[in-house]
>>> print(open('run.pdb').read())   # PDB, C-alpha atoms
ATOM      1  CA  MET A  40       2.098  41.932   4.488
ATOM      2  CA  GLU A  41       4.940  44.066   5.762
ATOM      3  CA  ARG A  42       7.948  44.637   3.510
ATOM      4  CA  SER A  43      10.984  44.356   5.711
ATOM      5  CA  GLY A  44      14.093  42.351   6.219
ATOM      6  CA  PRO A  45      17.723  42.858   5.299
ATOM      7  CA  PHE A  46      17.269  42.030   1.596
ATOM      8  CA  VAL A  47      14.396  44.463   1.083
ATOM      9  CA  THR A  48      16.225  47.128   3.092
ATOM     10  CA  SER A  49      19.377  46.671   0.989
ATOM     11  CA  LEU A  50      17.381  46.774  -2.211
ATOM     12  CA  SER A  51      15.484  49.907  -1.242
ATOM     13  CA  SER A  52      18.682  51.630  -0.117
ATOM     14  CA  ALA A  53      20.173  51.095  -3.586
ATOM     15  CA  VAL A  54      17.246  52.816  -5.345
ATOM     16  CA  PRO A  55      18.694  56.384  -5.307
ATOM     17  CA  ALA A  56      22.043  55.269  -6.776
ATOM     18  CA  PHE A  57      20.296  53.048  -9.340
ATOM     19  CA  ILE A  58      18.061  55.922 -10.423
ATOM     20  CA  GLY A  59      21.156  58.125 -10.693
ATOM     21  CA  VAL A  60      22.857  55.623 -13.007
ATOM     22  CA  CYS A  61      19.674  55.359 -15.099
ATOM     23  CA  ALA A  62      19.541  59.168 -15.274
ATOM     24  CA  VAL A  63      23.112  59.336 -16.599
ATOM     25  CA  ILE A  64      22.330  56.757 -19.266
ATOM     26  CA  LEU A  65      19.026  58.364 -20.243
ATOM     27  CA  ALA A  66      20.499  61.872 -20.484
ATOM     28  CA  ASN A  67      23.284  60.667 -22.752
ATOM     29  CA  LEU A  68      21.286  58.569 -25.188
ATOM     30  CA  PRO A  69      21.714  59.698 -28.795
ATOM     31  CA  PHE A  70      18.099  60.847 -28.929
ATOM     32  CA  GLU A  71      17.107  64.483 -29.207
ATOM     33  CA  PRO A  72      13.343  64.987 -28.936
ATOM     34  CA  LEU A  73      13.628  68.683 -29.797
ATOM     35  CA  GLY A  74      16.044  68.177 -32.666
ATOM     36  CA  GLY A  75      18.993  69.563 -30.733
ATOM     37  CA  PHE A  76      17.318  72.959 -30.306
ATOM     38  CA  LEU A  77      17.686  72.701 -26.518
ATOM     39  CA  PRO A  78      20.364  70.843 -24.582
ATOM     40  CA  ALA A  79      19.557  67.705 -22.631
ATOM     41  CA  PRO A  80      18.841  68.344 -18.953
ATOM     42  CA  LEU A  81      21.444  67.316 -16.417
ATOM     43  CA  LEU A  82      19.330  64.423 -15.152
ATOM     44  CA  ALA A  83      22.110  62.879 -13.068
ATOM     45  CA  LEU A  84      22.241  65.887 -10.747
ATOM     46  CA  MET A  85      18.566  65.548  -9.867
ATOM     47  CA  PRO A  86      18.870  62.394  -7.713
ATOM     48  CA  VAL A  87      22.024  63.802  -6.113
ATOM     49  CA  TYR A  88      20.106  66.912  -5.080
ATOM     50  CA  PHE A  89      16.848  65.188  -4.095
ATOM     51  CA  TRP A  90      18.263  62.305  -2.068
ATOM     52  CA  GLY A  91      21.190  64.386  -0.845
ATOM     53  CA  LEU A  92      18.544  66.399   1.002
ATOM     54  CA  VAL A  93      15.956  63.770   1.840
ATOM     55  CA  ARG A  94      18.140  60.734   2.561
ATOM     56  CA  PRO A  95      21.822  61.697   2.685
ATOM     57  CA  ASP A  96      22.593  58.262   4.105
ATOM     58  CA  LEU A  97      21.567  56.783   0.726
ATOM     59  CA  MET A  98      23.275  59.455  -1.382
ATOM     60  CA  PRO A  99      26.701  59.917   0.216
ATOM     61  CA  PRO A 100      29.434  62.000  -1.437
ATOM     62  CA  ALA A 101      31.022  58.867  -2.937
ATOM     63  CA  VAL A 102      27.832  58.081  -4.863
ATOM     64  CA  ALA A 103      27.561  61.705  -6.028
ATOM     65  CA  PHE A 104      31.187  61.513  -7.183
ATOM     66  CA  GLY A 105      30.546  58.188  -8.934
ATOM     67  CA  LEU A 106      27.546  59.595 -10.772
ATOM     68  CA  GLY A 107      29.675  62.567 -11.825
ATOM     69  CA  VAL A 108      32.378  60.232 -13.145
ATOM     70  CA  LEU A 109      29.750  58.298 -15.099
ATOM     71  CA  GLN A 110      28.389  61.574 -16.487
ATOM     72  CA  ASP A 111      31.924  62.515 -17.542
ATOM     73  CA  LEU A 112      32.443  59.147 -19.246
ATOM     74  CA  PHE A 113      29.100  59.103 -21.040
ATOM     75  CA  SER A 114      29.079  62.767 -22.104
ATOM     76  CA  GLY A 115      32.548  62.634 -23.626
ATOM     77  CA  GLY A 116      33.729  65.851 -22.037
ATOM     78  CA  PRO A 117      36.955  66.456 -20.148
ATOM     79  CA  PRO A 118      37.393  64.032 -17.237
ATOM     80  CA  GLY A 119      36.435  65.251 -13.795
ATOM     81  CA  VAL A 120      34.216  68.155 -14.862
ATOM     82  CA  TRP A 121      30.891  66.727 -13.692
ATOM     83  CA  ALA A 122      32.442  64.697 -10.881
ATOM     84  CA  LEU A 123      33.763  67.898  -9.314
ATOM     85  CA  ALA A 124      30.507  69.739 -10.049
ATOM     86  CA  PHE A 125      28.396  67.045  -8.359
ATOM     87  CA  VAL A 126      30.656  66.960  -5.308
ATOM     88  CA  ALA A 127      30.545  70.776  -5.097
ATOM     89  CA  VAL A 128      26.739  70.694  -5.145
ATOM     90  CA  TYR A 129      26.723  67.923  -2.560
ATOM     91  CA  ALA A 130      29.034  69.948  -0.301
ATOM     92  CA  VAL A 131      26.709  72.964  -0.471
ATOM     93  CA  ILE A 132      23.661  70.783   0.186
ATOM     94  CA  ASP A 133      25.413  69.067   3.076
ATOM     95  CA  THR A 134      26.434  72.307   4.775
ATOM     96  CA  GLN A 135      23.102  74.053   4.115
ATOM     97  CA  ARG A 136      20.754  71.058   4.517
ATOM     98  CA  ASP A 137      18.403  72.817   6.949
ATOM     99  CA  PHE A 138      17.946  75.717   4.535
ATOM    100  CA  PHE A 139      17.350  73.540   1.455
ATOM    101  CA  ALA A 140      15.188  70.964   3.254
ATOM    102  CA  GLY A 141      12.957  73.734   4.590
ATOM    103  CA  LEU A 142      12.059  74.884   1.074
ATOM    104  CA  SER A 143       8.753  73.852  -0.459
ATOM    105  CA  GLY A 144       6.803  74.617  -3.607
ATOM    106  CA  VAL A 145       8.465  77.263  -5.757
ATOM    107  CA  GLY A 146      11.207  77.599  -3.133
ATOM    108  CA  ALA A 147      12.191  73.954  -3.644
ATOM    109  CA  ILE A 148      12.472  74.541  -7.389
ATOM    110  CA  LEU A 149      14.577  77.643  -6.762
ATOM    111  CA  GLY A 150      16.747  75.549  -4.433
ATOM    112  CA  PHE A 151      17.383  73.119  -7.264
ATOM    113  CA  ALA A 152      18.009  76.066  -9.599
ATOM    114  CA  LEU A 153      20.720  77.254  -7.211
ATOM    115  CA  ALA A 154      22.221  73.755  -7.079
ATOM    116  CA  MET A 155      22.121  73.543 -10.876
ATOM    117  CA  LEU A 156      23.759  76.951 -11.146
ATOM    118  CA  ILE A 157      26.540  75.829  -8.775
ATOM    119  CA  ALA A 158      27.072  72.668 -10.846
ATOM    120  CA  GLY A 159      27.031  74.642 -14.090
ATOM    121  CA  LEU A 160      29.456  77.286 -12.871
ATOM    122  CA  THR A 161      31.788  74.615 -11.490
ATOM    123  CA  ALA A 162      31.709  72.740 -14.798
ATOM    124  CA  TYR A 163      32.228  76.022 -16.671
ATOM    125  CA  GLY A 164      35.235  76.907 -14.527
ATOM    126  CA  VAL A 165      36.834  73.473 -14.867
ATOM    127  CA  SER A 166      36.226  73.494 -18.629
ATOM    128  CA  ALA A 167      37.774  76.953 -18.905
ATOM    129  CA  PHE A 168      40.800  75.685 -16.994
ATOM    130  CA  TYR A 169      41.119  72.662 -19.286
ATOM    131  CA  GLU A 170      40.780  74.706 -22.477
ATOM    132  CA  TRP A 171      42.645  77.819 -21.275
ATOM    133  CA  GLN A 172      39.822  79.962 -22.636
ATOM    134  CA  LEU A 173      36.269  80.787 -21.661
ATOM    135  CA  PRO A 174      33.765  78.449 -23.287
ATOM    136  CA  PRO A 175      30.497  79.896 -24.610
ATOM    137  CA  SER A 176      28.119  80.593 -21.747
ATOM    138  CA  LEU A 177      24.808  80.339 -23.630
ATOM    139  CA  PRO A 178      24.809  76.494 -23.755
ATOM    140  CA  LEU A 179      25.406  76.407 -20.001
ATOM    141  CA  LEU A 180      22.572  78.832 -19.341
ATOM    142  CA  ALA A 181      20.253  76.818 -21.593
ATOM    143  CA  GLU A 182      21.176  73.605 -19.777
ATOM    144  CA  VAL A 183      20.454  75.241 -16.412
ATOM    145  CA  VAL A 184      17.027  76.453 -17.566
ATOM    146  CA  VAL A 185      16.065  73.134 -19.205
ATOM    147  CA  SER A 186      17.217  71.188 -16.141
ATOM    148  CA  VAL A 187      15.201  73.353 -13.750
ATOM    149  CA  VAL A 188      12.047  72.985 -15.857
ATOM    150  CA  VAL A 189      12.499  69.219 -16.137
ATOM    151  CA  TYR A 190      13.196  68.939 -12.393
ATOM    152  CA  VAL A 191       9.571  69.750 -11.536
ATOM    153  CA  PRO A 192       8.037  66.476 -12.823
ATOM    154  CA  VAL A 193      11.167  64.515 -11.925
ATOM    155  CA  ALA A 194      10.945  65.679  -8.302
ATOM    156  CA  LEU A 195       7.318  64.551  -8.171
ATOM    157  CA  PHE A 196       8.400  61.140  -9.483
ATOM    158  CA  PHE A 197      11.216  60.983  -6.912
ATOM    159  CA  GLY A 198       8.707  61.802  -4.171
ATOM    160  CA  VAL A 199       6.533  58.845  -5.178
ATOM    161  CA  VAL A 200       9.560  56.547  -5.386
ATOM    162  CA  HIS A 201      10.734  57.789  -2.014
ATOM    163  CA  ARG A 202       7.391  57.164  -0.310
ATOM    164  CA  ARG A 203       6.791  53.758  -1.906
ATOM    165  CA  LEU A 204      10.245  52.204  -2.214
ATOM    166  CA  VAL A 205      12.862  54.005  -0.186
ATOM    167  CA  GLY A 206      11.156  55.095   3.017
ATOM    168  CA  ALA A 207      11.280  58.208   5.086
ATOM    169  CA  ARG A 208      13.925  57.369   7.670
ATOM    170  CA  ARG A 209      15.790  60.536   8.631
ATOM    171  CA  SER A 210      16.693  59.615  12.200
ATOM    172  CA  GLU A 211      20.218  61.006  12.050
ATOM    173  CA  LEU A 212      19.117  64.461  10.921
TER     174      LEU A 212
END
>>> encode(input="run.pdb", output="structure tokens")
Amino acid sequence: MERSGPFVTSLSSAVPAFIGVCAVILANLPFEPLGGFLPAPLLALMPVYFWGLVRPDLMPPAVAFGLGVLQDLFSGGPPGVWALAFVAVYAVIDTQRDFFAGLSGVGAILGFALAMLIAGLTAYGVSAFYEWQLPPSLPLLAEVVVSVVVYVPVALFFGVVHRRLVGARRSEL
């Protein structure tokens, strides 16, 4: 039986945004498996990066911005920090899509590391502007490292979700 039709198409096109919302909620739960020794990974950036490359029609800038706003609301930080960071990452991905999409294996992980670094530096800069002083950089570096390590299994999960639920339409690229 073939899965098609407008309802199934609409449902599958909402999967990346739904996973992004779930990632924001999961990353901000008051649960620390490592006892607070390491920061939580920035899970909400992972669907922005993955589907921003693979299916930009399903992860437009407005969804990236919305996920950033949710991250700001749930994390309790200054408003706009993660929203701006996610849009900055999306802008880089959008302008350099051929470069990022051509990466595979370790290169794909390094591509996410670059995206995470851009998001982290943007958030750091906005936070410094808000506070009128430089925040400590070690927590940011730890969050970048943890996020990159966690991205490996998450990207594999996204690949399965993409193949089974979303579909591989990239006709406009």
>>> closest_atom_pairs(input="run.pdb", of="range 100-175 of chain A", to="range 65-79 of chain A", cutoff="10 Å", atoms="all atoms listed in the file", output="CSV")
residue,atom,partner,partner_atom,distance
A:Gln110,CA,A:Asn67,CA,8.1
A:Leu112,CA,A:Asn67,CA,9.9
A:Phe113,CA,A:Asn67,CA,6.3
A:Ser114,CA,A:Asn67,CA,6.2
A:Gly115,CA,A:Asn67,CA,9.5
>>> atom_distance(input="run.pdb", atom1="CA of Ser52 in chain A", atom2="CA of Met85 in chain A")
17.0 Å
>>> closest_residue(input="run.pdb", among="A:Val60, A:Leu92, A:Val200, A:Val54", to="Gly141 in chain A", atoms="all atoms listed in the file")
A:Leu92
>>> atom_distance(input="run.pdb", atom1="CA of Val87 in chain A", atom2="CA of Pro178 in chain A")
21.9 Å
>>> closest_residue(input="run.pdb", among="A:Gly91, A:Leu109, A:Trp171, A:Ile148", to="Asp133 in chain A", atoms="all atoms listed in the file")
A:Gly91
>>> resolve_selection(input="run.pdb", expression="the PyMOL selection byres ((chain A and resi 186) around 10)", output="VMD selection string")
chain A and resid 78 to 82 84 to 85 151 to 152 155 180 to 185 187 to 191 193
>>> closest_residue(input="run.pdb", among="A:Gly116, A:Gly59, A:Phe104, A:Leu179", to="Gly159 in chain A", atoms="all atoms listed in the file")
A:Leu179
>>> atom_distance(input="run.pdb", atom1="CA of Phe197 in chain A", atom2="CA of Pro117 in chain A")
29.5 Å
>>> residues_around(input="run.pdb", residues="Ala140 in chain A", least_positions_apart="4", cutoff="12 Å", atoms="all atoms listed in the file", output="compact mmCIF listing (two decimals) with C-alpha atoms, keeping the file's coordinate frame")
# COMPACT_ATOMS: atom_id res chain seq x y z
CA TYR A 88 20.11 66.91 -5.08
CA PHE A 89 16.85 65.19 -4.10
CA TRP A 90 18.26 62.30 -2.07
CA GLY A 91 21.19 64.39 -0.84
CA LEU A 92 18.54 66.40 1.00
CA VAL A 93 15.96 63.77 1.84
CA ARG A 94 18.14 60.73 2.56
CA PRO A 95 21.82 61.70 2.68
CA ILE A 132 23.66 70.78 0.19
CA ASP A 133 25.41 69.07 3.08
CA THR A 134 26.43 72.31 4.78
CA GLN A 135 23.10 74.05 4.12
CA ARG A 136 20.75 71.06 4.52
CA GLY A 144 6.80 74.62 -3.61
CA GLY A 146 11.21 77.60 -3.13
CA ALA A 147 12.19 73.95 -3.64
CA ILE A 148 12.47 74.54 -7.39
CA GLY A 150 16.75 75.55 -4.43
CA PHE A 151 17.38 73.12 -7.26
CA ARG A 209 15.79 60.54 8.63
CA LEU A 212 19.12 64.46 10.92
>>> resolve_selection(input="run.pdb", expression="the PyMOL selection byres ((chain A and resi 57) around 12)", output="PyMOL selection string")
chain A and resi 50-56+58-64+83+86-87+90+97-98+102-103+105-106+200+205
